[in-house]
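To start, the structure under review is shown below, and the notes come after it.
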Amino acid sequence: MAIICKSYTANTLIHFSISLAIILLSSNYLSPFIQGKTENAVWSNIASLVITIIVLSPFLYALSFRNLYNGVVVELKNERLYRNLVLVMRLFRLLLSAALIITLLNNLLSVTVALYAALFIIVVLFIFWKQVQNVYLKLEMLFLKNYHDEEQQPKKSNKY
């Protein structure tokens with residue numbers, strides 16, 4: 001159980017960190033860049049938001065809905081002792097995803113527009129859930145392929 005919790009936490013931290021980095025890059029670089037290219041601030045914020053959500057959606061999917069160790073989680077849910085722990089870990093991941101969306105919207109939009117946008121984004125993510133899942137799985141497979149290819153190559157010495 002400890003190994004599963006450790007890897008579950010590490011996976012959550014990795015996806016949260018990548019998502020937060022995307023949001024910060026969007027807020028600090030993408031949004032000012034687009035605002036400099038257009039005259040209308042509202043449309044530039046919307047364009048920044050759409051681009052950021054497209055880039056962010058696979059990581060939000062991974063953070064919110066991806067089931068790690070599906071068979072093990074089912075076994076843990078069947079044990080009365082660990083049922084609440086699995087539920088708390090999943091709820092925590094959902095809350096982290098919601099906090100990321102709120103942070104993104106708060107940086108780019110006013111509060112009332114951000115609330116409407118949050119509802120819209122949640123609906124769109126649920127509608128396109130399978131497409132987002134496929135993009136995430138492709139990214140994950142590409143990462144693992146690159147990782148394993150790098151491991152297979154012989155180590156080069158860094159002698160001058």
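Residues in the structure tokens are numbered from 1 in each chain, the chains being A, B, ... in the order shown, and ligands are numbered from 1 in the order shown.
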
* Which residues come within 12 Å of Leu91 in chain A, counting only C-alpha atoms, excluding same-chain residues fewer than 4 positions away, as an NGL selection string? -> :A and (12 or 63-65 or 84-87 or 95-98)

What's around range 27-43 of chain A at 9 Å? Count only C-alpha atoms, leave out sequence neighbours fewer than 4 positions away in its own chain, and write the answer as a list in words.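 Answer for this query is Ile22, Ile23, Ala47, Ser48, Leu49, Ile51, Thr52, Leu104, Asn107, Leu108 and Leu109 of chain A.
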
- Expressed in Å to a single decimal, how great is the separation between CA of Leu139 in chain A and CA of Pro58 in chain A?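 Atom-to-atom, CA of Leu139 in chain A and CA of Pro58 in chain A are spaced 8.4 Å apart.
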
* **Filtered DSSP result for chain A, state alpha helix (DSSP H), as a ChimeraX atom specification** => /A:2-25,31-37,41-64,70-78,80-108,111-127,129-152

Could you check how far CA of Phe59 in chain A sits from CA of Tyr116 in chain A, in Å to one decimal?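 Taking CA of Phe59 in chain A as the start and CA of Tyr116 in chain A as the end point, the length is 21.9 Å.
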
Judged by only C-alpha atoms, the minimum distance to Arg66 in chain A among A:Lys6, A:Lys145, A:Arg80, A:Arg93 is found for A:Arg93

Residues within 7 Å of range 118-134 of chain A, only C-alpha atoms, excluding chain neighbours under 2 positions, as a short mmCIF file (atom, residue, chain, number, x, y, z; two decimals) with N, CA, C and O atoms, in the first residue's frame:
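What ended up in result.cif:
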```cif
data_model
loop_
_atom_site.label_atom_id
_atom_site.label_comp_id
_atom_site.auth_asym_id
_atom_site.auth_seq_id
_atom_site.Cartn_x
_atom_site.Cartn_y
_atom_site.Cartn_z
N SER A 57 -5.35 20.43 -21.38
CA SER A 57 -6.37 19.40 -21.21
C SER A 57 -5.83 17.97 -21.01
O SER A 57 -6.37 17.25 -20.17
N PRO A 58 -4.78 17.52 -21.72
CA PRO A 58 -4.30 16.16 -21.42
C PRO A 58 -3.78 16.00 -19.99
O PRO A 58 -3.96 14.96 -19.37
N TYR A 61 -6.73 15.91 -17.64
CA TYR A 61 -7.32 14.58 -17.69
C TYR A 61 -6.52 13.61 -16.81
O TYR A 61 -7.09 12.85 -16.02
N ALA A 114 -15.20 34.46 -15.45
CA ALA A 114 -14.45 33.26 -15.08
C ALA A 114 -15.39 32.14 -14.63
O ALA A 114 -15.17 30.97 -14.95
N LEU A 115 -16.45 32.48 -13.89
CA LEU A 115 -17.41 31.46 -13.46
C LEU A 115 -18.12 30.83 -14.65
O LEU A 115 -18.27 29.61 -14.72
N TYR A 116 -18.58 31.66 -15.57
CA TYR A 116 -19.23 31.13 -16.77
C TYR A 116 -18.24 30.32 -17.61
O TYR A 116 -18.59 29.27 -18.14
N TYR A 136 -3.72 12.32 -24.36
CA TYR A 136 -2.87 12.03 -23.21
C TYR A 136 -2.16 10.69 -23.37
O TYR A 136 -0.96 10.58 -23.10
N LEU A 137 -2.87 9.68 -23.82
CA LEU A 137 -2.26 8.36 -23.99
C LEU A 137 -1.15 8.40 -25.04
O LEU A 137 -0.12 7.76 -24.88
N LYS A 138 -1.35 9.17 -26.11
CA LYS A 138 -0.31 9.31 -27.13
C LYS A 138 0.92 10.01 -26.54
O LYS A 138 2.06 9.60 -26.80
#
```
